[in-house]
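Worksheet: the structure to be examined is printed underneath.
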Amino acid sequence: MSMNGSFVEVAENSHFPIQNLPYGVFSTANEGAQIGVAIGDQILSLKKISHLFNGPILNSKQHVFGSVTLNDFMALGVEAWHEARQTLQNLLGNSCPTLRDDAELRASAFFDQSDATMHLPVKINDYTDFYSSVQHATNIGTMFRGKENALMPNWKHLPVGYHGRASSIVVSGTPIRRPSGQTKPENSPPVFGPCRLLDFELEMAFVVGVGNELGTPISAKEAHKHIFGMVVMNDWSARDIQKWEYVPLGPFLGKNFGTTISPWVVTMEALAPFTVQDSPKDVEILPYLKHDDNYTFDIALSVAIQDESMVEPAVVCNSNFKYMYWTMKQQLAHHTVNGCNTQTGDLYGSGTISGEDEASFGSMLELCWKGTRNVELGNGQTRKFLKDGDNVVMSGFCQGNGYRVGFGTCEGKVLPALDL
């Protein structure tokens with residue numbers, strides 16, 4: 001019998017103990033796409049056990065677990081999410097015989113993660129990316145405007161963001177093609193060609209479970225009822241293309257060629273034990289952005305790079321989600337305060353997550369400090385920006401007492417630009 005609370009064996013330091021139970025969508029050689037929950041190195045198919053969700057809310061909604069995305073389930077709301085979690089923890093617990101003692105059902109319902117292909121867990125209708133790490137914003141501002149004007153005047157008064165491209169969001173493991181575009185060399189006219197300053201951005205993102213009607217804002221104090229869970233996210237960035245295009249309207253082709261998310265959505269209920277103090281605000285923010293509870297989380301994050309000659313990836317960044325200045329509740333409240341509607345499945349990126357020390361900087365632009373430093377990968381290898389063939393591996397987890405609640409990995413390999 002497993003010591004982790006489940007009859008399913010869970011290895012030490014696994015990201016997927018019974019305390020987590022994140023949702024994803026998977027397929028195998030013999031099974032089409034379906035919703036599953038990660039437990040240890042296994043996936044429990046919710047399609048195969050949908051008849052066991054017999055609580056007061058889900059008993060008449062079992063069909064949502066037969067879908068190929070999480071959207072129908074998420075749209076049921078926070079009480080249904082809680083009921084599903086309670087059901088799953090009971091079914092997977094050491095003392096419940098329903099799954100544990102039914103060999104036939106277990107054989108049909110459990111799959112090895114190693115045999116599964118993961119898919120985007122949600123149908124993403126819209127995507128917004130914020131800019132909510134004060135150290136990252138300070139670093140970027142210092143590079144381009146100097147310390148005196150590092151933060152723009154609005155930064156500590158509202159969560160800055162831009163509307164991204166939902167169609168180019170991909171699941172972990174999907175290669176990313178180096179983009180081509182216009183750049184502007186010093187003292188020369190614009191030129192067209194492959195991006196030369198390809199970067200990662202270490203981010204997290206939250207998924208909207210229940211949206212709001214057009215014209216009806218979501219309050220900061222009620223925003224948690226709309227947030228289903230979180231993923232790790234790599235906001236790939238073409239820095240040279242971005243530099244030339246972003247004035248006056250902001251990011252465009254330098255950002256929309258690819259965004260990678262981890263395949264498992266970790267619920268806010270699983271993250272709740274890891275809540276920490278919200279970042280203090282040193283200016284008075286407006287009332288619509290205020291909420292009484294803490295909504296920041298201690299999530300250890302890392303980024304590693306591995307090229308085709310390396311046996312193991314080299315860690316280049318260790319950061320933490322707790323460094324965020326604006327909370328997810330404040331981001332969602334600000335996004336909708338003008339009446340903008342959000343929908344089930346919408347994705348909201350945190351912005352690059354950087355801490356105060358250099359080892360916690362969440363992008364190559366910061367780690368190489370605008371190209372003035374080398375980032376060491378070991379064995380004589382260095383980087384300033386990403387090369388073709390580099391596989392970028394992001395990971396995140398919360399450390400509990402004898403267990404971890406993790407997200408797995410968010411990976412993407414850089415492919416050469418097309419010859420245009």
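Labels used: A, B, ... for chains in the order of the structure tokens, numbers from 1 for residues in each chain, and numbers from 1 for ligands as shown.
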Next item on the list: May I have all residues of segment 205-405 of chain A that DSSP, computed from the backbone, assigns to strand (DSSP E), given as a PyMOL selection string?
Entry: chain A and resi 205-208+227-235+237-238+259-261+266-267+275-276+296-297+300-306+314-320+347-349+375-378+381-383+391-399+404-405
Item checked: Within 12 Å of segment 182-189 of chain A using only C-alpha atoms, minus same-chain residues under 3 positions, as a PyMOL selection string -> chain A and resi 179+192-197+238-246+252-254
Next item on the list: Pick out the residues sitting within 12 Å of Gln306 of chain A, and hand them over as a ChimeraX atom specification; count only C-alpha atoms, and ignore anything fewer than 3 positions along from it in its own chain.
Entry: /A:303,309-316,376-378,381-383,386-394,411-414
Notebook entry, point to check: Got a sec: who's within 6 Å of segment 16-22 of chain A, counting only C-alpha atoms, leaving out chain neighbours fewer than 6 positions off, as a ChimeraX atom specification?
Noted result: /A:37-40,264-266,270,405
Keeping only N, CA and C atoms, write those residues as a PDB file, in the first residue's frame.
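Contents of out.pdb, as written:
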```pdb
ATOM      1  N   VAL A  37      -6.597  12.624 -15.366  1.00  0.00           N
ATOM      2  CA  VAL A  37      -5.980  13.216 -14.174  1.00  0.00           C
ATOM      3  C   VAL A  37      -4.676  12.480 -13.921  1.00  0.00           C
ATOM      4  N   ALA A  38      -3.611  13.229 -13.643  1.00  0.00           N
ATOM      5  CA  ALA A  38      -2.305  12.626 -13.377  1.00  0.00           C
ATOM      6  C   ALA A  38      -2.207  12.195 -11.925  1.00  0.00           C
ATOM      7  N   ILE A  39      -1.731  10.957 -11.709  1.00  0.00           N
ATOM      8  CA  ILE A  39      -1.452  10.439 -10.377  1.00  0.00           C
ATOM      9  C   ILE A  39      -0.207   9.569 -10.486  1.00  0.00           C
ATOM     10  N   GLY A  40       0.879   9.971  -9.839  1.00  0.00           N
ATOM     11  CA  GLY A  40       2.143   9.273  -9.996  1.00  0.00           C
ATOM     12  C   GLY A  40       2.584   9.299 -11.447  1.00  0.00           C
ATOM     13  N   TRP A 264      -0.601  19.915 -18.030  1.00  0.00           N
ATOM     14  CA  TRP A 264      -1.440  19.662 -16.868  1.00  0.00           C
ATOM     15  C   TRP A 264      -1.890  20.969 -16.237  1.00  0.00           C
ATOM     16  N   VAL A 265      -3.187  21.105 -16.019  1.00  0.00           N
ATOM     17  CA  VAL A 265      -3.744  22.278 -15.344  1.00  0.00           C
ATOM     18  C   VAL A 265      -3.893  21.949 -13.864  1.00  0.00           C
ATOM     19  N   VAL A 266      -3.114  22.626 -13.029  1.00  0.00           N
ATOM     20  CA  VAL A 266      -3.178  22.422 -11.583  1.00  0.00           C
ATOM     21  C   VAL A 266      -4.249  23.349 -11.020  1.00  0.00           C
ATOM     22  N   ALA A 270      -5.747  22.832  -5.322  1.00  0.00           N
ATOM     23  CA  ALA A 270      -4.500  22.120  -5.028  1.00  0.00           C
ATOM     24  C   ALA A 270      -3.388  23.080  -4.629  1.00  0.00           C
ATOM     25  N   VAL A 405       3.434  19.386  -5.240  1.00  0.00           N
ATOM     26  CA  VAL A 405       2.356  19.651  -6.188  1.00  0.00           C
ATOM     27  C   VAL A 405       2.995  20.349  -7.378  1.00  0.00           C
TER      28      VAL A 405
END
```
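If you measure from each of A:Asp235, A:Asp346, A:Asp419, A:Asp357 to Ala75 of chain A using only C-alpha atoms, the closest one turns out to be A:Asp346.
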Next item on the list: Extract, using only C-alpha atoms, all DNA, RNA and protein residues at most 9 Å from segment 156-168 of chain A, discarding same-chain residues fewer than 5 positions from it, and format them as JSON, numbers by chain.
Entry: {"A": [124, 125, 126, 127, 128, 129, 130, 131, 132, 134, 151, 250, 251, 252, 255, 256, 257, 258, 259, 260, 281, 282, 283, 284, 285, 286, 289, 325, 326, 327, 330, 331, 334, 335, 346, 347, 349, 351]}
Note to self: Can you pull out the residues contacting Val337 of chain A? Cut-off 10 Å, using only C-alpha atoms, and skip same-chain residues under 2 positions away; I want them as number ranges by chain.
What the structure shows: A: 215-220, 288-289, 331-335, 339-341
Margin query: Can you pull out the residues contacting Asn30 of chain A? Cut-off 12 Å, using only C-alpha atoms, and skip same-chain residues under 4 positions away; I want them as number ranges by chain.
Written below: A: 26, 34, 108, 111, 115-117
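Comparing the minimum interatomic distances between Ser350 of chain A and each of A:Glu12, A:Glu203, A:Asp292, A:Glu83, counting only C-alpha atoms, we find that A:Glu203 sits nearest.
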Next item on the list: Please report, as number ranges by chain, each residue of segment 44-93 of chain A to which DSSP assigns helix (DSSP H, G or I) when run on this structure's backbone.
Entry: A: 50-52, 58-60, 62-66, 71-74, 78-92
Write the residues you've just listed into a file as a PDB file, in the first residue's frame, and include C-alpha atoms for each of them.
```pdb
ATOM      1  CA  SER A  50     -17.502   9.184 -15.481  1.00  0.00           C
ATOM      2  CA  HIS A  51     -20.286   7.058 -13.941  1.00  0.00           C
ATOM      3  CA  LEU A  52     -18.563   7.348 -10.552  1.00  0.00           C
ATOM      4  CA  LEU A  58     -22.043  16.074 -11.184  1.00  0.00           C
ATOM      5  CA  ASN A  59     -24.482  13.157 -11.130  1.00  0.00           C
ATOM      6  CA  SER A  60     -26.475  14.825 -13.923  1.00  0.00           C
ATOM      7  CA  GLN A  62     -21.271  13.156 -16.112  1.00  0.00           C
ATOM      8  CA  HIS A  63     -21.190  13.788 -19.858  1.00  0.00           C
ATOM      9  CA  VAL A  64     -18.656  16.614 -19.374  1.00  0.00           C
ATOM     10  CA  PHE A  65     -15.973  13.990 -18.682  1.00  0.00           C
ATOM     11  CA  GLY A  66     -16.525  12.479 -22.120  1.00  0.00           C
ATOM     12  CA  ASN A  71     -14.152  23.553 -21.169  1.00  0.00           C
ATOM     13  CA  ASP A  72     -17.530  21.925 -20.447  1.00  0.00           C
ATOM     14  CA  PHE A  73     -16.355  20.790 -17.023  1.00  0.00           C
ATOM     15  CA  MET A  74     -14.778  24.136 -16.149  1.00  0.00           C
ATOM     16  CA  VAL A  78     -16.313  26.334  -8.499  1.00  0.00           C
ATOM     17  CA  GLU A  79     -18.712  24.075  -6.570  1.00  0.00           C
ATOM     18  CA  ALA A  80     -18.559  21.427  -9.303  1.00  0.00           C
ATOM     19  CA  TRP A  81     -14.742  21.682  -9.363  1.00  0.00           C
ATOM     20  CA  HIS A  82     -14.670  21.075  -5.607  1.00  0.00           C
ATOM     21  CA  GLU A  83     -17.042  18.125  -5.839  1.00  0.00           C
ATOM     22  CA  ALA A  84     -14.957  16.530  -8.608  1.00  0.00           C
ATOM     23  CA  ARG A  85     -11.775  16.910  -6.575  1.00  0.00           C
ATOM     24  CA  GLN A  86     -13.369  15.338  -3.509  1.00  0.00           C
ATOM     25  CA  THR A  87     -14.650  12.440  -5.623  1.00  0.00           C
ATOM     26  CA  LEU A  88     -11.247  11.828  -7.182  1.00  0.00           C
ATOM     27  CA  GLN A  89      -9.365  11.994  -3.886  1.00  0.00           C
ATOM     28  CA  ASN A  90     -11.824   9.517  -2.416  1.00  0.00           C
ATOM     29  CA  LEU A  91     -11.642   7.119  -5.395  1.00  0.00           C
ATOM     30  CA  LEU A  92      -7.836   7.202  -5.453  1.00  0.00           C
TER      31      LEU A  92
END
```
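Our summary of the geometry notes that atom CA of Met204 of chain A is positioned 17.6 Å from atom CA of Asn294 of chain A.
For the pair atom CA of Leu46 of chain A and atom CA of Phe110 of chain A, the separation is 9.6 Å.
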Checklist line | Coordinates-based distance that separates atom CA of Gly211 of chain A from atom CA of Thr342 of chain A (Å, one decimal) | finding: 4.9 Å
